[in-house]
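Asker: Take a look at this one; I'll ask things after.
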Amino acid sequence: PPGFAIHKNVERQLESKRQMIANGEGFDWATAEALAFGSLLTEGVPVRLSGQDSTRGTFSQRHSAFINQETEDRHFPLNAIRKGQARYEVIDSMLSEYAVLGFEYGYSLSEPNALVMWEAQFGDFANGAQIMFDQFISSGESKWLRMSGLVMLLPHGYEGQGPEHSSARLERFLQMCGQDNWIVANCSTPANYFHILRRQVHRSFRKPLVLMTPKSLLRHKMAVSRAADLTTGSSFHRVLWDDAERGNSQLQLKPDNEIKRVVLCSGKVYYDLLEERDARGLDDVYLLRVEQFYPFPAQSLVKELSRFKGAQMVWCQEEPKNQGAWTFIEPNIEWVLNRIEATHQRPVYVGRAASASPATGLASSHKAQQQALVDEALTVEGK
């Protein structure tokens with residue numbers, strides 16, 4: 001609003017967003033999220049978000065409310081798009097994951113035509129609501145025929161922040177997958193995040209969405225999307241291509257039949273692999289992202305991996321071997337490789353060794369482990 005005394009840091013973010021819109025590129029995570037919310041609101045879909053520090057965003061990325069630095073009045077720009085729009089509601093909830101997630105699950109049952117989201121401050125903290133996941137969200141449709149479109153945003157990624165701020169325990173949600181009971185995803189681009197949120201309410205049915213969300217990728221220079229990825233003709237991709245194939249990387253890859261190794265991965269580790277692969281000039285290593293774990297994208301992977309039947313197949317993850325996606329995805333990838341009659345019928349695991357703790361508490365150990373797994377994933381045998 002005119003004369004609104006906005007914080008200088010927020011003003012800088014707004015200026016960045018103006019540049020994104022003007023140039024049609026460089027859309028970051030928070031901007032894609034705001035566009036998903038705003039577009040749904042103008043379509044008459046109410047949007048509700050609750051969680052600990054969700055208005056600002058744990059990582060100071062969202063800023064759903066502008067706070068007047070002189071009067072402390074709040075302005076919610078998503079509620080001022082145009083007349084007749086639906087309402088955006090954002091709540092900074094109390095520090096009880098169990099109570100708040102339970103309430104939002106009930107809200108999603110009562111308001112199936114709204115986008116209802118609960119955000120954990122860090123994904124690790126979702127374990128305080130484990131009863132809700134086990135008893136209600138994962139199995140409510142099977143037990144009581146009650147559909148829910150609740151979205152759970154769980155910040156996840158290994159960045160040296162220690163065992164309590166690294167893992168959203170992806171493995172637990174994958175272990176509970178069955179009978180198409182919910183969707184488990186780990187998007188790596190703002191555009192895919194935009195589309196998966198909109199897909200929740202535009203489908204003719206409702207399923208809960210467990211979404212691993214980023215931390216460092218919120219501001220990563222390569223984790224950006226173009227306007228064309230968000231507008232008419234674009235859609236959600238369960239599997240995503242190598243950036244070198246779409247011009248977002250300077251590397252020129254060899255033809256498909258000369259690719260020696262395909263590294264399948266998901267989430268933040270993709271960008272670690274991409275930067276190192278490009279720095280080494282490894283033009284015979286293809287990076288393929290699995291964006292949706294469940295329901296497993298079998299057809300998409302059959303189509304993509306058929307291009308590389310003779311290549312070594314690797315699954316790379318940041319999490320320890322007994323955690324993350326490995327135990328879920330290994331038999332699924334094996335099924336795909338058998339289906340396409342690949343030379344190598346089983347994927348090779350690359351990641352941290354099995355561990356009782358999700359992550360090390362030492363930054364130096366984290367860095368060494370991360371460098372080691374990236375190096376192992378990219379090192380082609382016989383070269």
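Chain labels run A, B, ... following the order of the structure tokens; each chain numbers its residues from 1, and ligands are numbered from 1 in the order shown.
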Can you list every residue in segment 73-294 of chain A that DSSP puts in helix (DSSP H, G or I), as a ChimeraX atom specification?
Answerer: /A:77-79,97-110,123-137,140-144,170-175,190-202,216-219,227-229,243-245,256-258,269-280
Asker: Skipping near chain neighbours, those fewer than 4 positions away, what residues fall within 8 Å of segment 1-8 of chain A using only C-alpha atoms, listed as a list in words?
Answerer: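 Non-adjacent residues within range: Arg12, Phe66, Ile67, Asn68, Gln69 and Glu70 of chain A.
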Asker: Mind dumping the selected residues with C-alpha atoms as a PDB file, in the first residue's frame?
Answerer:
```pdb
ATOM      1  CA  ARG A  12      15.139  -6.073  -1.611  1.00  0.00           C
ATOM      2  CA  PHE A  66       4.426  -7.324   5.300  1.00  0.00           C
ATOM      3  CA  ILE A  67       4.841  -5.656   8.688  1.00  0.00           C
ATOM      4  CA  ASN A  68       4.780  -1.865   8.833  1.00  0.00           C
ATOM      5  CA  GLN A  69       8.043  -0.876  10.561  1.00  0.00           C
ATOM      6  CA  GLU A  70       6.391   2.182  12.137  1.00  0.00           C
TER       7      GLU A  70
END
```
Asker: For the atom pair atom CA of Ser39 of chain A and atom CA of Met222 of chain A, what is the interatomic distance in Å to one decimal place?
Answerer: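 About the pair atom CA of Ser39 of chain A and atom CA of Met222 of chain A: they are 24.5 Å apart.
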Asker: Using only C-alpha atoms for the distances, tell me which of A:Glu43, A:Gly84, A:Ser306, A:Val374 is nearest to Arg339 of chain A.
Answerer: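 Nearest candidate to Arg339 of chain A out of A:Glu43, A:Gly84, A:Ser306, A:Val374: A:Ser306.
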Asker: Using only C-alpha atoms, what does the table of segment 169-218 of chain A residues within 9 Å of segment 267-287 of chain A look like, with each row giving the shortest atom pair and its distance in Å to one decimal, sorted by chain and ascending number, as a tab-separated table?
Answerer:
```
residue	atom	partner	partner_atom	distance
A:Asn186	CA	A:Gly267	CA	5.6
A:Cys187	CA	A:Gly267	CA	6.0
A:Ser188	CA	A:Gly267	CA	4.9
A:Thr189	CA	A:Gly267	CA	8.7
A:Met212	CA	A:Gly267	CA	8.2
A:Thr213	CA	A:Gly267	CA	8.4
A:Pro214	CA	A:Lys268	CA	7.2
A:Lys215	CA	A:Lys268	CA	8.8
A:Ser216	CA	A:Lys268	CA	8.1
A:Leu217	CA	A:Lys268	CA	6.8
```
Asker: Extract, using only C-alpha atoms, all DNA, RNA and protein residues at most 9 Å from Glu33 of chain A, discarding same-chain residues fewer than 2 positions from it, and format them as a list of chain:residue names.
Answerer: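 Listed by chain and then number, they are A:Asp28, A:Trp29, A:Ala30, A:Thr31, A:Leu35, A:Ala36, A:Phe37, A:Gly38, A:Arg62, A:Pro190, A:Ala191, A:Tyr193, A:Phe194, A:Leu197.
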Asker: Write to file, as a short mmCIF file (atom, residue, chain, number, x, y, z; two decimals), in the first residue's frame, the residues of the selection just made, with C-alpha atoms.
Answerer:
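File again.cif, as written:
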```cif
data_model
loop_
_atom_site.label_atom_id
_atom_site.label_comp_id
_atom_site.auth_asym_id
_atom_site.auth_seq_id
_atom_site.Cartn_x
_atom_site.Cartn_y
_atom_site.Cartn_z
CA ASP A 28 12.99 -18.89 -7.09
CA TRP A 29 11.18 -21.22 -4.70
CA ALA A 30 9.30 -18.62 -2.67
CA THR A 31 8.13 -16.77 -5.78
CA LEU A 35 2.34 -17.69 -7.69
CA ALA A 36 0.77 -21.09 -6.92
CA PHE A 37 -1.11 -19.62 -3.95
CA GLY A 38 -2.14 -16.48 -5.81
CA ARG A 62 8.19 -16.45 2.33
CA PRO A 190 10.38 -24.11 -8.21
CA ALA A 191 8.23 -24.95 -11.24
CA TYR A 193 6.72 -27.26 -6.66
CA PHE A 194 4.28 -24.79 -8.23
CA LEU A 197 0.64 -27.68 -5.19
#
```
Asker: I want to know what sits within 10 Å of Glu330 of chain A, based on only C-alpha atoms, with residues of the same chain fewer than 4 positions away left out; could you give that as a list in words?
Answerer: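 My reading of the contact set: Val314, Trp315, Ala325, Trp326, Glu334, Trp335, Arg346, Pro347, Val348 and Tyr349 of chain A.
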Asker: How many Å separate atom CA of Glu258 of chain A from atom CA of Glu381 of chain A?
Answerer: 14.4 Å
Asker: Applying 10 Å and only C-alpha atoms, which residues near Phe103 of chain A remain after dropping the ones on its own chain fewer than 5 positions away? List them as a short mmCIF file (atom, residue, chain, number, x, y, z; two decimals) with N, CA and C atoms, in the first residue's frame.
Answerer:
```cif
data_model
loop_
_atom_site.label_atom_id
_atom_site.label_comp_id
_atom_site.auth_asym_id
_atom_site.auth_seq_id
_atom_site.Cartn_x
_atom_site.Cartn_y
_atom_site.Cartn_z
N GLU A 97 3.47 -30.09 17.20
CA GLU A 97 3.21 -30.67 15.88
C GLU A 97 2.00 -31.60 15.93
N TYR A 98 1.89 -32.38 16.99
CA TYR A 98 0.81 -33.36 17.15
C TYR A 98 -0.56 -32.68 17.09
N SER A 108 -8.85 -30.28 6.61
CA SER A 108 -8.82 -30.72 5.21
C SER A 108 -10.00 -31.63 4.88
N TRP A 118 0.26 -27.93 6.14
CA TRP A 118 0.95 -27.81 7.42
C TRP A 118 2.45 -27.88 7.14
N MET A 132 -0.39 -38.96 14.28
CA MET A 132 -1.30 -38.46 13.24
C MET A 132 -1.00 -39.08 11.88
#
```
Asker: Can you tell me, as a VMD selection string, which residues in segment 206-320 of chain A count as strand (DSSP E) by DSSP?
Answerer: chain A and resid 209 to 213 239 to 240 261 to 265 285 to 290 292 to 294 312 to 320
Asker: Tell me, in Å to one decimal, how far atom CA of Pro320 of chain A is from atom CA of Gly351 of chain A.
Answerer: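 Atom CA of Pro320 of chain A sits 6.3 Å away from atom CA of Gly351 of chain A.
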Asker: Residues near Ala168 of chain A, anyone? I mean within 12 Å using only C-alpha atoms, not counting same-chain ones fewer than 3 positions away, as a ChimeraX atom specification.
Answerer: /A:119-128,130,152-158,163-165,171-174,184-186,210-215,319,323-325,358-359
Asker: Write to file, as a compact mmCIF listing (two decimals), in the first residue's frame, the residues of the selection just made, with N, CA and C atoms.
Answerer:
```txt
# COMPACT_ATOMS: atom_id res chain seq x y z
N GLU A 119 3.19 -26.96 7.73
CA GLU A 119 4.63 -26.90 7.49
C GLU A 119 5.39 -27.13 8.80
N ALA A 120 6.29 -28.10 8.79
CA ALA A 120 7.18 -28.30 9.92
C ALA A 120 8.30 -27.26 9.87
N GLN A 121 8.74 -26.80 11.03
CA GLN A 121 9.82 -25.81 11.03
C GLN A 121 11.08 -26.42 10.40
N PHE A 122 11.41 -27.63 10.79
CA PHE A 122 12.36 -28.50 10.10
C PHE A 122 11.67 -29.85 9.97
N GLY A 123 11.96 -30.58 8.89
CA GLY A 123 11.27 -31.84 8.66
C GLY A 123 11.42 -32.83 9.80
N ASP A 124 12.56 -32.76 10.49
CA ASP A 124 12.80 -33.67 11.61
C ASP A 124 11.70 -33.58 12.67
N PHE A 125 11.13 -32.36 12.82
CA PHE A 125 10.19 -32.12 13.91
C PHE A 125 8.85 -32.81 13.68
N ALA A 126 8.62 -33.33 12.47
CA ALA A 126 7.37 -34.02 12.18
C ALA A 126 7.19 -35.26 13.05
N ASN A 127 8.30 -35.78 13.61
CA ASN A 127 8.15 -36.98 14.43
C ASN A 127 7.33 -36.73 15.70
N GLY A 128 7.17 -35.44 16.07
CA GLY A 128 6.29 -35.11 17.18
C GLY A 128 4.83 -35.33 16.85
N GLN A 130 3.88 -38.12 14.92
CA GLN A 130 3.90 -39.44 14.29
C GLN A 130 2.56 -40.17 14.41
N MET A 152 1.74 -31.71 3.54
CA MET A 152 2.72 -31.58 4.62
C MET A 152 4.06 -31.16 4.03
N LEU A 153 4.51 -29.96 4.38
CA LEU A 153 5.77 -29.41 3.88
C LEU A 153 6.85 -29.69 4.91
N LEU A 154 7.83 -30.51 4.54
CA LEU A 154 8.84 -30.96 5.50
C LEU A 154 10.25 -30.59 5.00
N PRO A 155 10.84 -29.50 5.51
CA PRO A 155 12.20 -29.12 5.08
C PRO A 155 13.20 -30.24 5.31
N HIS A 156 13.93 -30.58 4.25
CA HIS A 156 14.79 -31.78 4.27
C HIS A 156 16.04 -31.51 3.44
N GLY A 157 17.18 -31.95 3.92
CA GLY A 157 18.42 -31.81 3.16
C GLY A 157 19.62 -31.77 4.07
N TYR A 158 20.72 -32.34 3.61
CA TYR A 158 21.94 -32.46 4.42
C TYR A 158 22.88 -31.31 4.10
N PRO A 163 22.20 -33.64 13.44
CA PRO A 163 21.21 -34.73 13.37
C PRO A 163 19.77 -34.30 13.58
N GLU A 164 19.53 -33.13 14.18
CA GLU A 164 18.15 -32.69 14.43
C GLU A 164 17.62 -31.70 13.39
N HIS A 165 18.43 -31.35 12.41
CA HIS A 165 17.99 -30.36 11.42
C HIS A 165 18.38 -30.76 10.00
N GLU A 171 12.30 -42.04 4.76
CA GLU A 171 12.11 -43.50 4.77
C GLU A 171 10.84 -43.93 5.49
N ARG A 172 10.46 -43.20 6.53
CA ARG A 172 9.25 -43.57 7.28
C ARG A 172 8.00 -43.42 6.43
N PHE A 173 7.94 -42.34 5.67
CA PHE A 173 6.76 -42.11 4.84
C PHE A 173 6.70 -43.10 3.68
N LEU A 174 7.86 -43.44 3.13
CA LEU A 174 7.90 -44.41 2.04
C LEU A 174 7.52 -45.81 2.52
N VAL A 184 4.20 -39.06 -2.10
CA VAL A 184 5.46 -38.67 -1.47
C VAL A 184 6.38 -38.13 -2.55
N ALA A 185 6.84 -36.90 -2.38
CA ALA A 185 7.63 -36.25 -3.43
C ALA A 185 8.77 -35.43 -2.83
N ASN A 186 9.75 -35.15 -3.68
CA ASN A 186 10.91 -34.34 -3.28
C ASN A 186 11.29 -33.49 -4.49
N VAL A 210 2.90 -35.69 1.01
CA VAL A 210 4.07 -35.55 1.88
C VAL A 210 5.20 -35.03 1.02
N LEU A 211 5.60 -33.78 1.26
CA LEU A 211 6.55 -33.12 0.36
C LEU A 211 7.82 -32.72 1.10
N MET A 212 8.95 -33.31 0.69
CA MET A 212 10.24 -32.87 1.20
C MET A 212 10.52 -31.50 0.57
N THR A 213 10.77 -30.49 1.38
CA THR A 213 11.00 -29.14 0.85
C THR A 213 12.42 -28.69 1.14
N PRO A 214 12.92 -27.70 0.39
CA PRO A 214 14.34 -27.35 0.47
C PRO A 214 14.67 -26.32 1.55
N LYS A 215 15.96 -26.21 1.79
CA LYS A 215 16.50 -25.17 2.67
C LYS A 215 17.48 -24.32 1.85
N GLU A 319 21.29 -39.30 2.44
CA GLU A 319 20.96 -39.96 3.70
C GLU A 319 21.77 -41.25 3.88
N GLN A 323 18.41 -45.25 5.70
CA GLN A 323 17.43 -44.17 5.71
C GLN A 323 17.24 -43.66 4.27
N GLY A 324 16.50 -42.58 4.11
CA GLY A 324 16.28 -42.06 2.76
C GLY A 324 15.47 -43.03 1.91
N ALA A 325 15.62 -42.93 0.59
CA ALA A 325 14.74 -43.66 -0.34
C ALA A 325 15.25 -45.03 -0.75
N PRO A 358 20.67 -39.67 12.06
CA PRO A 358 20.44 -39.23 10.68
C PRO A 358 21.63 -38.51 10.06
N ALA A 359 22.42 -37.77 10.89
CA ALA A 359 23.51 -36.98 10.33
C ALA A 359 24.57 -36.74 11.41
```
Asker: From the list A:Thr343, A:Phe308, A:Thr231, A:Asp92, which residue is nearest Gly57 of chain A when using only C-alpha atoms?
Answerer: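 Between A:Thr343, A:Phe308, A:Thr231, A:Asp92, the residue approaching Gly57 of chain A most closely is A:Asp92.
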